[in-house]
Amino acid sequence: MKGMDKLKILLAKGRIYESVYELLSDVGISISLPDRTYFPTTNQEDLAFQVVKPQITSLLLANDKADLGFSGKDWVYENGVQDKVVEIMDLGFDPVRIVAAIPDTKDLDKLLKGHLTIATEYQTLSKKWVEDKKINGEIFRTWGTSEGFVQDTEDSIAQILIDNTSTGSSLRANRLKIVDTLMESSTRMYASREAMKNPEKKQKILELKMLFETVLNARNRVMLEMNVSKADFDKLIKGIPAMKSPTVSPLFNDDGFAVKIAVKKSEVPVLLPKLQSLGATDIVEYELRKVML
């Protein structure tokens, strides 16, 4: 990227920052955020970072104020810029649902017969939901925690809450029940359209995507290494999974084979007893740092 402007990357505050910080570190990109500043330093000369609020990341990308950023899908759609930014990849971090919830003692059909107030941070998504459901109501904008605005009382500020939830535990704790899901969201990597028109910036963005994929692939997999006798070798090879094919090498003194396979972590509890039954011995499991498929 010699001679090209630095790739300007937006990092969102809060949970997104922590998740992306760890991901960057795992690919070898270190960042450090000095106190009271919004511009992290990095060990990469061709990258420049800025920390912003998660709600505005996609707006800045849509207006070409940065090249790359990390945002929840919910805020991309809330800002109405889904057609003005390019989704590069779904990182899968912080999965949530945007839901409509009411007091657990109420009946939605009965509520919908009256005039309603909807408490929410999500103005755009809520307006579309109200229009689609043909609800007679108005939207009351909240900031941050919103469960307290919806209660089973006559003087409740609102009758419906539209908010994000991962487990629903906070809603249940406030005696609210989910009655509809507006959308599902997770942290994703987005680029500005202008950056993707620039060949050098596009190449750098796709290189970052590739690096992130290698780390995310590794997080879901482990390496299993084992020994097997010549007599059990064919039986073992036919019975084990691998991303492509297992790595096999002869043991010292021609006393069987050493076998390596990379497998999904979720397969290990079932696979270990199976490998032993197929004749594998000296089985070792270890973590992977990067996996390029």
# chains A, B, ... in the order shown; residues from 1 in each chain; ligands from 1

$ residues_around --residues "Lys113 (chain A)" --least-positions-apart "5" --cutoff "10 Å" --atoms "only C-alpha atoms" --output "list in words"
Leu108, Ile135 and Asn136 of chain A

$ closest_atom_pairs --of "region 64-147 of chain A" --to "region 215-236 of chain A" --cutoff "12 Å" --atoms "only C-alpha atoms" --output "JSON lines"
{"residue": "A:Met89", "atom": "CA", "partner": "A:Leu216", "partner_atom": "CA", "distance": 11.4}
{"residue": "A:Asp90", "atom": "CA", "partner": "A:Leu216", "partner_atom": "CA", "distance": 10.7}
{"residue": "A:Leu91", "atom": "CA", "partner": "A:Leu216", "partner_atom": "CA", "distance": 8.0}
{"residue": "A:Gly92", "atom": "CA", "partner": "A:Leu216", "partner_atom": "CA", "distance": 9.3}
{"residue": "A:Phe93", "atom": "CA", "partner": "A:Leu216", "partner_atom": "CA", "distance": 10.5}

$ closest_residue --among "A:Thr187, A:Thr142, A:Lys65, A:Leu60" --to "Gly14 (chain A)" --atoms "only C-alpha atoms"
A:Thr187

$ atom_distance --atom1 "CA of His115 (chain A)" --atom2 "CA of Tyr77 (chain A)"
26.4 Å

$ closest_residue --among "A:Pro54, A:Gly137, A:Gly239, A:Pro250" --to "Leu275 (chain A)" --atoms "only C-alpha atoms"
A:Gly239

$ closest_residue --among "A:Ser58, A:Glu87, A:Leu272, A:Asp35" --to "Ile205 (chain A)" --atoms "only C-alpha atoms"
A:Glu87

$ closest_residue --among "A:Glu154, A:Leu33, A:Val130, A:Val76" --to "Tyr21 (chain A)" --atoms "only C-alpha atoms"
A:Leu33

$ closest_residue --among "A:Asn79, A:Lys274, A:Val86, A:Leu11" --to "Val52 (chain A)" --atoms "only C-alpha atoms"
A:Leu11

$ decode --residues "region 244-260 of chain A" --atoms "N, CA, C and O atoms" --output "PDB file, in the first residue's frame"
ATOM      1  N   LYS A 244      -9.616 -31.813   5.092  1.00  0.00           N
ATOM      2  CA  LYS A 244      -9.262 -32.295   3.751  1.00  0.00           C
ATOM      3  C   LYS A 244      -8.940 -33.774   3.843  1.00  0.00           C
ATOM      4  O   LYS A 244      -9.709 -34.628   3.464  1.00  0.00           O
ATOM      5  N   SER A 245      -7.771 -34.060   4.389  1.00  0.00           N
ATOM      6  CA  SER A 245      -7.374 -35.431   4.650  1.00  0.00           C
ATOM      7  C   SER A 245      -6.376 -35.393   5.808  1.00  0.00           C
ATOM      8  O   SER A 245      -5.709 -34.380   6.022  1.00  0.00           O
ATOM      9  N   PRO A 246      -6.274 -36.469   6.578  1.00  0.00           N
ATOM     10  CA  PRO A 246      -5.371 -36.447   7.729  1.00  0.00           C
ATOM     11  C   PRO A 246      -3.909 -36.397   7.309  1.00  0.00           C
ATOM     12  O   PRO A 246      -3.537 -36.821   6.205  1.00  0.00           O
ATOM     13  N   THR A 247      -3.084 -35.845   8.201  1.00  0.00           N
ATOM     14  CA  THR A 247      -1.639 -35.864   7.999  1.00  0.00           C
ATOM     15  C   THR A 247      -1.098 -37.137   8.641  1.00  0.00           C
ATOM     16  O   THR A 247      -1.357 -37.408   9.813  1.00  0.00           O
ATOM     17  N   VAL A 248      -0.340 -37.914   7.865  1.00  0.00           N
ATOM     18  CA  VAL A 248       0.157 -39.210   8.330  1.00  0.00           C
ATOM     19  C   VAL A 248       1.666 -39.270   8.145  1.00  0.00           C
ATOM     20  O   VAL A 248       2.197 -38.874   7.106  1.00  0.00           O
ATOM     21  N   SER A 249       2.355 -39.744   9.180  1.00  0.00           N
ATOM     22  CA  SER A 249       3.797 -39.947   9.067  1.00  0.00           C
ATOM     23  C   SER A 249       4.177 -41.232   9.807  1.00  0.00           C
ATOM     24  O   SER A 249       3.545 -41.585  10.811  1.00  0.00           O
ATOM     25  N   PRO A 250       5.205 -41.949   9.319  1.00  0.00           N
ATOM     26  CA  PRO A 250       5.595 -43.219   9.967  1.00  0.00           C
ATOM     27  C   PRO A 250       6.280 -42.976  11.300  1.00  0.00           C
ATOM     28  O   PRO A 250       6.982 -41.990  11.492  1.00  0.00           O
ATOM     29  N   LEU A 251       6.057 -43.884  12.234  1.00  0.00           N
ATOM     30  CA  LEU A 251       6.715 -43.815  13.527  1.00  0.00           C
ATOM     31  C   LEU A 251       8.126 -44.402  13.457  1.00  0.00           C
ATOM     32  O   LEU A 251       8.466 -45.142  12.517  1.00  0.00           O
ATOM     33  N   PHE A 252       8.946 -44.054  14.435  1.00  0.00           N
ATOM     34  CA  PHE A 252      10.319 -44.571  14.509  1.00  0.00           C
ATOM     35  C   PHE A 252      10.292 -46.101  14.557  1.00  0.00           C
ATOM     36  O   PHE A 252       9.412 -46.703  15.176  1.00  0.00           O
ATOM     37  N   ASN A 253      11.244 -46.694  13.904  1.00  0.00           N
ATOM     38  CA  ASN A 253      11.360 -48.158  13.824  1.00  0.00           C
ATOM     39  C   ASN A 253      10.208 -48.803  13.044  1.00  0.00           C
ATOM     40  O   ASN A 253       9.925 -49.989  13.207  1.00  0.00           O
ATOM     41  N   ASP A 254       9.538 -47.972  12.215  1.00  0.00           N
ATOM     42  CA  ASP A 254       8.454 -48.508  11.384  1.00  0.00           C
ATOM     43  C   ASP A 254       7.399 -49.213  12.238  1.00  0.00           C
ATOM     44  O   ASP A 254       6.836 -50.238  11.862  1.00  0.00           O
ATOM     45  N   ASP A 255       7.107 -48.572  13.393  1.00  0.00           N
ATOM     46  CA  ASP A 255       6.214 -49.211  14.369  1.00  0.00           C
ATOM     47  C   ASP A 255       4.820 -48.583  14.341  1.00  0.00           C
ATOM     48  O   ASP A 255       4.265 -48.231  15.372  1.00  0.00           O
ATOM     49  N   GLY A 256       4.256 -48.398  13.150  1.00  0.00           N
ATOM     50  CA  GLY A 256       2.937 -47.799  13.008  1.00  0.00           C
ATOM     51  C   GLY A 256       3.012 -46.389  12.457  1.00  0.00           C
ATOM     52  O   GLY A 256       4.002 -46.003  11.811  1.00  0.00           O
ATOM     53  N   PHE A 257       1.984 -45.584  12.749  1.00  0.00           N
ATOM     54  CA  PHE A 257       1.884 -44.248  12.145  1.00  0.00           C
ATOM     55  C   PHE A 257       1.438 -43.210  13.174  1.00  0.00           C
ATOM     56  O   PHE A 257       0.718 -43.524  14.134  1.00  0.00           O
ATOM     57  N   ALA A 258       1.880 -41.973  12.936  1.00  0.00           N
ATOM     58  CA  ALA A 258       1.366 -40.809  13.673  1.00  0.00           C
ATOM     59  C   ALA A 258       0.356 -40.119  12.764  1.00  0.00           C
ATOM     60  O   ALA A 258       0.621 -39.895  11.577  1.00  0.00           O
ATOM     61  N   VAL A 259      -0.800 -39.788  13.310  1.00  0.00           N
ATOM     62  CA  VAL A 259      -1.883 -39.196  12.520  1.00  0.00           C
ATOM     63  C   VAL A 259      -2.327 -37.891  13.161  1.00  0.00           C
ATOM     64  O   VAL A 259      -2.497 -37.807  14.389  1.00  0.00           O
ATOM     65  N   LYS A 260      -2.508 -36.857  12.333  1.00  0.00           N
ATOM     66  CA  LYS A 260      -3.016 -35.567  12.798  1.00  0.00           C
ATOM     67  C   LYS A 260      -4.287 -35.227  12.038  1.00  0.00           C
ATOM     68  O   LYS A 260      -4.344 -35.384  10.811  1.00  0.00           O
TER      69      LYS A 260
END
